[in-house]
$ cat protein.cif   # mmCIF, C-alpha atoms (C1' of nucleotides)
data_entry
#
loop_
_atom_site.label_atom_id
_atom_site.label_comp_id
_atom_site.auth_asym_id
_atom_site.auth_seq_id
_atom_site.Cartn_x
_atom_site.Cartn_y
_atom_site.Cartn_z
CA MET A 19 -16.54 5.72 -18.25
CA ASN A 20 -13.22 3.91 -18.22
CA VAL A 21 -12.31 0.29 -18.75
CA ILE A 22 -12.19 -0.57 -15.06
CA ASP A 23 -15.70 0.67 -14.48
CA GLU A 24 -16.88 -1.17 -17.57
CA SER A 25 -15.24 -4.47 -16.66
CA GLY A 26 -17.80 -5.03 -13.98
CA ILE A 27 -17.34 -7.15 -10.94
CA LEU A 28 -13.91 -8.50 -11.90
CA ALA A 29 -12.27 -5.21 -11.04
CA ILE A 30 -14.21 -4.80 -7.81
CA ALA A 31 -11.09 -5.06 -5.63
CA THR A 32 -9.50 -2.20 -7.57
CA ARG A 33 -12.61 -0.07 -7.22
CA LEU A 34 -12.95 -0.75 -3.49
CA GLN A 35 -9.39 0.35 -2.99
CA ARG A 36 -9.77 3.45 -5.12
CA LEU A 37 -12.84 4.50 -3.16
CA SER A 38 -11.08 3.87 0.15
CA ASP A 39 -8.13 6.01 -0.94
CA GLN A 40 -10.33 8.89 -2.02
CA LEU A 41 -12.26 8.89 1.25
CA ARG A 42 -9.05 8.75 3.25
CA LYS A 43 -7.58 11.69 1.34
CA ASP A 44 -10.69 13.74 1.99
CA GLY A 45 -10.39 12.72 5.64
CA VAL A 46 -6.92 14.25 5.76
CA LEU A 47 -8.26 17.47 4.22
CA ILE A 48 -11.12 17.70 6.68
CA TYR A 49 -8.91 17.23 9.73
CA LYS A 50 -6.48 19.79 8.36
CA ALA A 51 -9.21 22.30 7.50
CA ASN A 52 -10.39 22.09 11.09
CA GLY A 53 -6.92 22.65 12.49
CA ILE A 54 -6.55 19.11 13.81
CA ASP A 55 -3.23 17.35 13.52
CA PHE A 56 -4.42 13.81 12.98
CA GLU A 57 -3.96 11.15 10.33
CA PRO A 58 -6.89 8.95 9.34
CA LYS A 59 -4.75 5.84 9.59
CA TRP A 60 -4.50 6.49 13.34
CA PHE A 61 -8.26 6.36 13.73
CA PRO A 62 -8.69 2.63 14.34
CA VAL A 63 -6.12 2.55 17.16
CA ILE A 64 -7.27 5.77 18.81
CA TYR A 65 -10.93 4.89 18.56
CA THR A 66 -10.27 1.44 20.00
CA LEU A 67 -8.38 2.87 22.98
CA HIS A 68 -11.14 5.44 23.42
CA LEU A 69 -13.62 2.59 23.89
CA ARG A 70 -11.48 0.06 25.72
CA SER A 71 -8.92 2.24 27.59
CA VAL A 72 -6.17 -0.34 28.31
CA LEU A 73 -5.12 -3.03 25.85
CA SER A 74 -2.05 -5.00 24.84
CA VAL A 75 -0.47 -4.72 21.40
CA VAL A 76 -1.99 -7.92 20.10
CA GLU A 77 -5.41 -7.08 21.51
CA ILE A 78 -5.36 -3.79 19.62
CA ALA A 79 -4.18 -5.51 16.45
CA SER A 80 -7.02 -7.98 16.68
CA GLU A 81 -9.61 -5.26 17.38
CA ILE A 82 -8.57 -3.19 14.38
CA GLY A 83 -8.03 -6.21 12.15
CA TYR A 84 -4.39 -5.45 11.31
CA THR A 85 -1.33 -7.61 11.77
CA HIS A 86 0.65 -6.94 14.91
CA PRO A 87 3.71 -5.52 13.08
CA SER A 88 1.49 -2.95 11.36
CA THR A 89 -0.04 -2.14 14.71
CA ILE A 90 3.38 -1.75 16.33
CA SER A 91 4.41 0.78 13.73
CA LEU A 92 1.22 2.77 14.28
CA LEU A 93 1.79 2.64 18.03
CA LYS A 94 5.34 3.92 17.57
CA GLU A 95 4.07 6.95 15.70
CA LEU A 96 1.36 7.58 18.24
CA GLU A 97 3.81 7.31 21.11
CA LYS A 98 6.14 9.72 19.36
CA VAL A 99 3.41 12.36 19.11
CA LYS A 100 2.45 11.55 22.72
CA LEU A 101 -1.13 10.52 22.06
CA ILE A 102 -0.58 7.18 23.79
CA ARG A 103 1.81 5.72 26.34
CA SER A 104 2.67 2.16 27.32
CA LYS A 105 3.99 0.15 30.24
CA LYS A 106 4.88 -3.47 30.90
CA ASP A 107 2.16 -5.68 32.30
CA LYS A 108 3.35 -6.79 35.75
CA ALA A 109 1.22 -9.92 35.67
CA ASP A 110 2.58 -11.04 32.28
CA GLU A 111 5.98 -9.65 31.41
CA ARG A 112 5.57 -10.39 27.72
CA LYS A 113 2.78 -7.84 27.38
CA ARG A 114 2.93 -4.12 26.83
CA LEU A 115 -0.18 -2.31 27.95
CA ILE A 116 -1.21 0.69 25.87
CA GLN A 117 -3.40 3.61 26.83
CA LEU A 118 -4.26 7.13 25.79
CA THR A 119 -2.40 10.05 27.32
CA ALA A 120 -4.23 13.13 28.61
CA LYS A 121 -3.24 14.77 25.32
CA GLY A 122 -4.80 11.85 23.46
CA GLN A 123 -8.03 12.16 25.38
CA GLU A 124 -8.16 15.91 24.79
CA LEU A 125 -7.60 15.40 21.08
CA ILE A 126 -10.50 12.98 20.96
CA GLU A 127 -12.75 15.58 22.55
CA GLN A 128 -11.57 18.06 19.91
CA MET A 129 -12.18 15.57 17.14
CA LYS A 130 -15.65 14.53 18.20
CA PRO A 131 -17.44 17.44 16.49
CA VAL A 132 -15.34 16.83 13.37
CA TRP A 133 -16.28 13.18 13.47
CA ASP A 134 -19.93 14.24 13.61
CA VAL A 135 -19.43 16.28 10.44
CA MET A 136 -17.65 13.37 8.78
CA ILE A 137 -20.43 11.01 9.78
CA ALA A 138 -22.95 13.40 8.26
CA ALA A 139 -20.95 13.80 5.03
CA LEU A 140 -20.37 10.05 4.72
CA THR A 141 -23.98 9.32 5.46
CA GLU A 142 -25.03 11.75 2.71
CA LEU A 143 -22.59 10.12 0.29
CA THR A 144 -23.60 6.56 1.03
CA THR A 145 -27.32 6.86 1.52
CA THR A 146 -28.16 5.72 -1.96
CA GLN A 147 -30.37 3.00 -3.33
CA ASN A 148 -27.83 0.34 -2.33
CA ASN A 149 -26.32 1.33 0.99
CA LEU A 150 -22.54 0.90 0.87
CA LEU A 151 -22.00 0.26 4.56
CA LEU A 152 -24.71 -2.37 4.68
CA ALA A 153 -23.43 -3.91 1.44
CA ILE A 154 -19.97 -4.25 3.01
CA SER A 155 -21.36 -5.91 6.11
CA GLU A 156 -23.44 -8.27 4.02
CA VAL A 157 -20.48 -9.28 1.86
CA GLU A 158 -18.26 -9.76 4.91
CA GLU A 159 -20.97 -11.99 6.33
CA GLN A 160 -21.11 -13.99 3.09
CA MET A 161 -17.33 -14.37 3.08
CA LYS A 162 -17.37 -15.58 6.65
CA ARG A 163 -19.71 -18.35 5.58
CA LEU A 164 -17.67 -19.28 2.49
CA SER A 165 -14.72 -17.39 1.08
CA MET A 166 -14.42 -16.34 -2.55
CA PHE A 167 -11.77 -19.03 -3.01
CA GLU A 168 -14.01 -21.78 -1.60
CA ARG A 169 -16.89 -20.60 -3.75
CA ALA A 170 -14.68 -20.59 -6.84
CA LYS A 171 -13.56 -24.15 -6.08
CA ARG A 172 -17.16 -25.26 -5.71
CA ILE A 173 -18.23 -23.55 -8.92
CA GLY A 174 -15.73 -25.14 -11.26
CA LEU A 175 -12.30 -25.58 -12.83
CA THR A 176 -9.41 -25.86 -10.35
CA SER A 177 -8.14 -28.34 -12.86
CA MET B 15 -17.63 -8.10 16.29
CA ASN B 16 -14.63 -5.84 16.70
CA VAL B 17 -14.31 -2.13 17.33
CA ILE B 18 -13.89 -1.18 13.69
CA ASP B 19 -17.08 -2.91 12.68
CA GLU B 20 -18.87 -1.27 15.61
CA SER B 21 -17.60 2.23 14.91
CA GLY B 22 -19.91 2.52 11.95
CA ILE B 23 -19.37 4.67 8.94
CA LEU B 24 -16.29 6.49 10.30
CA ALA B 25 -14.13 3.45 9.65
CA ILE B 26 -15.60 2.82 6.23
CA ALA B 27 -12.29 3.52 4.43
CA THR B 28 -10.57 0.89 6.56
CA ARG B 29 -13.30 -1.64 5.87
CA LEU B 30 -13.27 -0.98 2.12
CA GLN B 31 -9.55 -1.57 2.05
CA ARG B 32 -9.77 -4.72 4.16
CA LEU B 33 -12.39 -6.14 1.85
CA SER B 34 -10.36 -5.27 -1.23
CA ASP B 35 -7.29 -6.99 0.23
CA GLN B 36 -9.20 -10.16 1.05
CA LEU B 37 -10.70 -10.39 -2.40
CA ARG B 38 -7.32 -9.79 -4.01
CA LYS B 39 -5.70 -12.51 -1.90
CA ASP B 40 -8.40 -14.96 -2.91
CA GLY B 41 -7.79 -13.90 -6.51
CA VAL B 42 -4.15 -14.94 -6.18
CA LEU B 43 -5.22 -18.31 -4.77
CA ILE B 44 -7.71 -18.92 -7.56
CA TYR B 45 -5.21 -18.14 -10.33
CA LYS B 46 -2.65 -20.35 -8.62
CA ALA B 47 -5.09 -23.23 -8.09
CA ASN B 48 -5.84 -23.13 -11.80
CA GLY B 49 -2.18 -23.20 -12.76
CA ILE B 50 -2.12 -19.64 -14.04
CA ASP B 51 0.84 -17.43 -13.36
CA PHE B 52 -0.87 -14.09 -13.02
CA GLU B 53 -1.11 -11.41 -10.37
CA PRO B 54 -4.42 -9.66 -9.78
CA LYS B 55 -2.72 -6.26 -9.79
CA TRP B 56 -1.92 -6.85 -13.48
CA PHE B 57 -5.60 -7.26 -14.32
CA PRO B 58 -6.48 -3.62 -15.03
CA VAL B 59 -3.63 -3.17 -17.52
CA ILE B 60 -4.10 -6.52 -19.25
CA TYR B 61 -7.84 -6.18 -19.46
CA THR B 62 -7.51 -2.66 -20.86
CA LEU B 63 -5.09 -3.80 -23.56
CA HIS B 64 -7.40 -6.72 -24.30
CA LEU B 65 -10.18 -4.27 -25.10
CA ARG B 66 -8.21 -1.46 -26.71
CA SER B 67 -5.16 -3.24 -28.22
CA VAL B 68 -2.73 -0.31 -28.63
CA LEU B 69 -2.37 2.49 -26.12
CA SER B 70 0.24 4.88 -24.77
CA VAL B 71 1.40 4.84 -21.16
CA VAL B 72 -0.73 7.78 -20.10
CA GLU B 73 -3.79 6.45 -21.90
CA ILE B 74 -3.49 3.21 -19.96
CA ALA B 75 -2.95 5.09 -16.70
CA SER B 76 -6.06 7.11 -17.32
CA GLU B 77 -8.13 4.04 -18.26
CA ILE B 78 -7.18 2.15 -15.13
CA GLY B 79 -7.35 5.19 -12.89
CA TYR B 80 -3.77 4.97 -11.63
CA THR B 81 -1.01 7.56 -11.77
CA HIS B 82 1.41 7.19 -14.63
CA PRO B 83 4.40 6.22 -12.43
CA SER B 84 2.37 3.36 -10.94
CA THR B 85 1.40 2.35 -14.45
CA ILE B 86 4.99 2.46 -15.64
CA SER B 87 6.07 0.09 -12.90
CA LEU B 88 3.26 -2.33 -13.79
CA LEU B 89 4.28 -2.11 -17.44
CA LYS B 90 7.89 -2.87 -16.53
CA GLU B 91 6.84 -6.07 -14.78
CA LEU B 92 4.57 -7.08 -17.62
CA GLU B 93 7.28 -6.44 -20.17
CA LYS B 94 9.71 -8.52 -18.11
CA VAL B 95 7.37 -11.52 -18.16
CA LYS B 96 6.75 -10.85 -21.87
CA LEU B 97 2.99 -10.35 -21.66
CA ILE B 98 3.28 -6.94 -23.34
CA ARG B 99 5.71 -5.17 -25.63
CA SER B 100 6.19 -1.53 -26.54
CA LYS B 101 7.54 0.63 -29.33
CA LYS B 102 8.00 4.34 -29.95
CA ASP B 103 5.20 6.14 -31.71
CA LYS B 104 6.63 7.35 -35.02
CA ALA B 105 4.10 10.16 -35.27
CA ASP B 106 4.90 11.47 -31.76
CA GLU B 107 8.31 10.58 -30.44
CA ARG B 108 7.35 11.27 -26.83
CA LYS B 109 4.91 8.40 -26.81
CA ARG B 110 5.51 4.73 -26.16
CA LEU B 111 2.83 2.50 -27.58
CA ILE B 112 2.00 -0.61 -25.60
CA GLN B 113 0.38 -3.82 -26.77
CA LEU B 114 -0.09 -7.43 -25.79
CA THR B 115 2.34 -10.05 -27.05
CA ALA B 116 1.11 -13.33 -28.51
CA LYS B 117 1.93 -14.85 -25.13
CA GLY B 118 -0.22 -12.19 -23.49
CA GLN B 119 -3.14 -12.94 -25.77
CA GLU B 120 -2.82 -16.66 -25.16
CA LEU B 121 -2.77 -16.09 -21.42
CA ILE B 122 -5.98 -14.10 -21.71
CA GLU B 123 -7.65 -16.99 -23.52
CA GLN B 124 -6.47 -19.29 -20.71
CA MET B 125 -7.75 -16.92 -18.09
CA LYS B 126 -11.17 -16.35 -19.58
CA PRO B 127 -12.75 -19.50 -18.06
CA VAL B 128 -11.16 -18.62 -14.72
CA TRP B 129 -12.57 -15.12 -14.98
CA ASP B 130 -15.99 -16.67 -15.54
CA VAL B 131 -15.61 -18.65 -12.33
CA MET B 132 -14.46 -15.54 -10.50
CA ILE B 133 -17.40 -13.58 -11.83
CA ALA B 134 -19.74 -16.30 -10.62
CA ALA B 135 -18.11 -16.44 -7.17
CA LEU B 136 -18.09 -12.65 -6.84
CA THR B 137 -21.67 -12.41 -8.00
CA GLU B 138 -22.68 -14.96 -5.36
CA LEU B 139 -20.81 -13.04 -2.69
CA THR B 140 -22.19 -9.64 -3.59
CA THR B 141 -25.76 -10.44 -4.53
CA THR B 142 -27.17 -9.45 -1.18
CA GLN B 143 -29.88 -7.07 -0.11
CA ASN B 144 -27.62 -4.09 -0.83
CA ASN B 145 -25.59 -4.82 -3.93
CA LEU B 146 -21.95 -3.89 -3.35
CA LEU B 147 -21.07 -3.15 -6.96
CA LEU B 148 -24.08 -0.91 -7.43
CA ALA B 149 -23.41 0.75 -4.08
CA ILE B 150 -19.86 1.58 -5.22
CA SER B 151 -21.10 3.06 -8.47
CA GLU B 152 -23.72 5.09 -6.66
CA VAL B 153 -21.21 6.48 -4.17
CA GLU B 154 -18.73 7.29 -6.94
CA GLU B 155 -21.52 9.15 -8.68
CA GLN B 156 -22.32 11.08 -5.50
CA MET B 157 -18.65 11.97 -5.04
CA LYS B 158 -18.42 13.20 -8.59
CA ARG B 159 -21.24 15.61 -7.83
CA LEU B 160 -19.73 16.79 -4.53
CA SER B 161 -16.75 15.30 -2.74
CA MET B 162 -16.75 14.27 0.89
CA PHE B 163 -14.57 17.29 1.66
CA GLU B 164 -16.97 19.71 -0.03
CA ARG B 165 -19.92 18.13 1.77
CA ALA B 166 -18.12 18.40 5.09
CA LYS B 167 -17.42 22.10 4.46
CA ARG B 168 -21.06 22.69 3.65
CA ILE B 169 -22.27 20.81 6.72
CA GLY B 170 -20.28 22.73 9.30
CA LEU B 171 -17.18 23.61 11.31
CA THR B 172 -14.08 24.30 9.20
CA SER B 173 -13.51 26.91 11.89
"C1'" DA C 7 10.85 30.78 -36.57
"C1'" DT C 8 11.42 31.07 -31.67
"C1'" DG C 9 10.17 31.38 -26.86
"C1'" DA C 10 6.58 29.85 -23.83
"C1'" DT C 11 3.58 26.38 -22.62
"C1'" DA C 12 1.85 21.85 -22.60
"C1'" DT C 13 2.29 16.88 -22.89
"C1'" DA C 14 4.53 12.17 -22.38
"C1'" DT C 15 7.53 9.61 -20.06
"C1'" DG C 16 10.82 8.49 -16.60
"C1'" DT C 17 13.23 8.46 -11.85
"C1'" DA C 18 13.66 8.88 -6.87
"C1'" DG C 19 11.87 8.67 -2.69
"C1'" DT C 20 7.72 7.93 0.49
"C1'" DT C 21 3.96 5.39 2.64
"C1'" DA C 22 1.15 2.05 4.89
"C1'" DA C 23 0.15 -2.11 4.74
"C1'" DC C 24 2.16 -6.93 4.52
"C1'" DT C 25 5.10 -11.70 5.47
"C1'" DA C 26 8.84 -14.09 7.54
"C1'" DC C 27 11.59 -14.73 11.13
"C1'" DG C 28 13.66 -14.28 15.91
"C1'" DT C 29 13.47 -13.93 21.02
"C1'" DA C 30 11.59 -13.85 25.59
"C1'" DG C 31 8.19 -15.20 28.74
"C1'" DT C 32 4.16 -18.46 29.90
"C1'" DT C 33 1.59 -22.63 29.92
"C1'" DT C 34 0.94 -27.42 29.15
"C1'" DT C 35 2.25 -32.09 29.28
"C1'" DG C 36 4.60 -36.58 29.87
"C1'" DC D 3 9.56 -30.47 36.96
"C1'" DA D 4 11.87 -30.27 32.59
"C1'" DA D 5 10.86 -30.25 27.69
"C1'" DA D 6 7.75 -28.85 24.28
"C1'" DA D 7 4.49 -25.88 22.60
"C1'" DC D 8 2.40 -21.59 22.61
"C1'" DT D 9 1.91 -16.54 23.04
"C1'" DA D 10 3.48 -11.64 22.84
"C1'" DC D 11 6.32 -8.61 20.93
"C1'" DG D 12 9.83 -6.88 17.92
"C1'" DT D 13 12.78 -6.31 13.57
"C1'" DA D 14 13.90 -6.64 8.72
"C1'" DG D 15 12.63 -6.65 4.35
"C1'" DT D 16 8.83 -6.52 0.69
"C1'" DT D 17 5.00 -4.54 -1.93
"C1'" DA D 18 2.02 -1.64 -4.51
"C1'" DA D 19 0.39 2.36 -4.55
"C1'" DC D 20 1.61 7.40 -4.17
"C1'" DT D 21 3.94 12.56 -4.84
"C1'" DA D 22 7.51 15.46 -6.49
"C1'" DC D 23 10.67 16.39 -9.68
"C1'" DA D 24 13.35 15.99 -14.25
"C1'" DT D 25 13.73 15.63 -19.22
"C1'" DA D 26 12.39 15.27 -23.99
"C1'" DT D 27 9.27 16.29 -27.57
"C1'" DA D 28 5.33 18.80 -29.51
"C1'" DT D 29 2.32 22.70 -30.11
"C1'" DC D 30 0.98 27.45 -30.02
"C1'" DA D 31 1.28 32.51 -30.14
"C1'" DT D 32 3.51 36.18 -31.61
#
$ encode --input "protein.cif" --output "structure tokens"
Amino acid sequence: MNVIDESGILAIATRLQRLSDQLRKDGVLIYKANGIDFEPKWFPVIYTLHLRSVLSVVEIASEIGYTHPSTISLLKELEKVKLIRSKKDKADERKRLIQLTAKGQELIEQMKPVWDVMIAALTELTTTQNNLLLAISEVEEQMKRLSMFERAKRIGLTS
Amino acid sequence: MNVIDESGILAIATRLQRLSDQLRKDGVLIYKANGIDFEPKWFPVIYTLHLRSVLSVVEIASEIGYTHPSTISLLKELEKVKLIRSKKDKADERKRLIQLTAKGQELIEQMKPVWDVMIAALTELTTTQNNLLLAISEVEEQMKRLSMFERAKRIGLTS
DNA sequence: ATGATATATGTAGTTAACTACGTAGTTTTG
DNA sequence: CAAAACTACGTAGTTAACTACATATATCAT
């Protein structure tokens, strides 16, 4: 047991990140082992377009919870590998409408069984006494009510 | 509710990271509001040296669970702001021994009450039906036994 | 005692997110 | 209906971690 694990809740941000990284790396391995050329970081965009079919850049950004510049750089990659395409919105010339290509849709069909395996593996991993996914949702809910910063202010100091 | 939250466990890495980022940002705000010039990313190193007093670069890296190049760049910053200092190990010339400066120790004393507030705020946030900190530990334990990749291989596909 | 191996540190370059800022088109308002 | 404010998108630069590689010292096996 190392210092970070011992330091308790103070290092929780570090531990969340470490766990996220490990899962993402295993995600890469699993896609690769199944002969699928796909990066986990693309998942939020692709999955969103799978469900919603046509969206603008900012709509995607808001759905996946990233900033729009981050989203733009993901979209550039995805357009380069021809998983998505985009066209100007005729009704509002500021907007660029994004959708999956046929190749993108085919890839999703290929990935679905792999996703099922991932879901099973992740479910195994996280079905413990305290369920991680539920814990995340609960904490997000708590933060929506009152952020960590607001709570800290209420509790004390802020000299 | 957005697509990522709806997509369930598949996007768990994304949600872990998002949560970590939010907590870290609030950490910055709390330090700042209390007049303390400290970045949350420094916490693992500083806290480790607080507990162990003299360590080499690789020992610190291993304690905080980072690679040694990441650790070196943190140490460079910390040395620049004079919170730590380092000297060659006379017994083993390859090693650089790191320790807190007086300024570093004073800063820790200043931070301790802020850490208490943070602990209280974080405990509030995470004391829900499924405890986040315990959930993390449990999942880490599960992964130590068998990684997500190994579980996925056992479950199926890997054509 | 020396050649092979291992360990400790350092450097360079990459990555995947971010913030700050700029521009073009749309909507609102006085 | 023109000016102001807002919205959508894009670019540039930053950050905080990483991997891959290089070098110096130490240890071990013959």
$ atom_distance --input "protein.cif" --atom1 "atom CA of A:Leu92" --atom2 "atom CA of B:Pro83"
27.1 Å
$ resolve_selection --input "protein.cif" --expression "the PyMOL selection byres ((chain D and resi 29) around 12)" --output "VMD selection string"
(chain B and resid 106) or (chain C and resid 10 to 13) or (chain D and resid 27 to 28 30 to 31)
$ resolve_selection --input "protein.cif" --expression "the PyMOL selection byres ((chain A and resi 30-33) around 9)" --output "list in words"
Ile22, Asp23, Ser25, Gly26, Ile27, Leu28, Ala29, Leu34, Gln35, Arg36, Leu37 and Ser38 of chain A; Gln31, Leu33, Ser34, Asp35, Gln36, Leu37, Arg38, Lys55, Pro58, Leu136, Leu146, Leu147 and Ile150 of chain B
$ atom_distance --input "protein.cif" --atom1 "atom CA of A:Phe61" --atom2 "atom CA of A:Ser88"
13.7 Å
$ residues_around --input "protein.cif" --residues "B:Asp40" --least-positions-apart "6" --cutoff "10 Å" --atoms "only C-alpha atoms (C1' of nucleotides)" --output "JSON, numbers by chain"
{"A": [165, 166, 167, 168, 170], "B": [46, 54, 132]}
$ resolve_selection --input "protein.cif" --expression "the PyMOL selection byres ((chain C) within 10 of (chain A))" --output "list in words"
DA22, DA23, DC24, DT25, DA30, DG31 and DT32 of chain C
$ residues_near_point --input "protein.cif" --point "(-8.6, 7.1, 18.9)" --cutoff "9 Å" --atoms "all atoms listed in the file" --output "PyMOL selection string"
chain A and resi 60-69+101+118+122-123+125-126
$ residues_around --input "protein.cif" --residues "C:DG16" --least-positions-apart "2" --cutoff "10 Å" --atoms "only C-alpha atoms (C1' of nucleotides)" --output "list in words"
His82, Pro83 and Ile86 of chain B; DA14 of chain C; DA24 and DT25 of chain D
$ closest_atom_pairs --input "protein.cif" --of "chain D" --to "chain B" --cutoff "10 Å" --atoms "only C-alpha atoms (C1' of nucleotides)" --output "Markdown table"
| residue | atom | partner | partner_atom | distance |
| --- | --- | --- | --- | --- |
| D:DA18 | C1' | B:Ser84 | CA | 8.2 |
| D:DA19 | C1' | B:Ser84 | CA | 6.8 |
| D:DC20 | C1' | B:Ser84 | CA | 7.9 |
| D:DT21 | C1' | B:Thr81 | CA | 9.9 |
| D:DA26 | C1' | B:Arg108 | CA | 7.0 |
| D:DT27 | C1' | B:Arg108 | CA | 5.4 |
| D:DA28 | C1' | B:Asp106 | CA | 7.7 |
$ atom_distance --input "protein.cif" --atom1 "atom CA of A:Met161" --atom2 "atom CA of A:Gly83"
15.3 Å
$ residues_near_point --input "protein.cif" --point "(8.2, -4.6, -26.7)" --cutoff "10 Å" --atoms "only C-alpha atoms (C1' of nucleotides)" --output "list in words"
Glu93, Lys94, Lys96, Leu97, Ile98, Arg99, Ser100, Lys101, Lys102, Arg110, Leu111, Ile112, Gln113, Leu114 and Thr115 of chain B
$ closest_residue --input "protein.cif" --among "A:Ser155, A:Ser74, A:Asn52, A:Asn149" --to "A:Asp107" --atoms "all atoms listed in the file"
A:Ser74
$ closest_residue --input "protein.cif" --among "B:Lys90, B:Lys117, B:Arg66, B:Lys104" --to "chain A" --atoms "all atoms listed in the file"
B:Arg66
$ closest_residue --input "protein.cif" --among "A:Gly53, A:Ala79, A:Gly174, A:Gln160" --to "A:Leu93" --atoms "all atoms listed in the file"
A:Ala79
$ decode --input "protein.cif" --residues "stretch 4-15 of chain D" --atoms "C-alpha atoms (C1' of nucleotides)" --output "short mmCIF file (atom, residue, chain, number, x, y, z; two decimals), in the first residue's frame"
data_model
loop_
_atom_site.label_atom_id
_atom_site.label_comp_id
_atom_site.auth_asym_id
_atom_site.auth_seq_id
_atom_site.Cartn_x
_atom_site.Cartn_y
_atom_site.Cartn_z
"C1'" DA D 4 -29.04 49.53 -37.27
"C1'" DA D 5 -26.33 48.58 -33.18
"C1'" DA D 6 -25.50 45.47 -29.59
"C1'" DA D 7 -25.42 41.09 -27.84
"C1'" DC D 8 -25.28 36.36 -28.51
"C1'" DT D 9 -24.13 31.89 -30.67
"C1'" DA D 10 -21.29 28.61 -33.44
"C1'" DC D 11 -17.12 27.45 -34.87
"C1'" DG D 12 -12.20 27.64 -35.34
"C1'" DT D 13 -7.14 28.41 -34.04
"C1'" DA D 14 -3.21 28.90 -31.00
"C1'" DG D 15 -1.04 27.88 -27.14
#
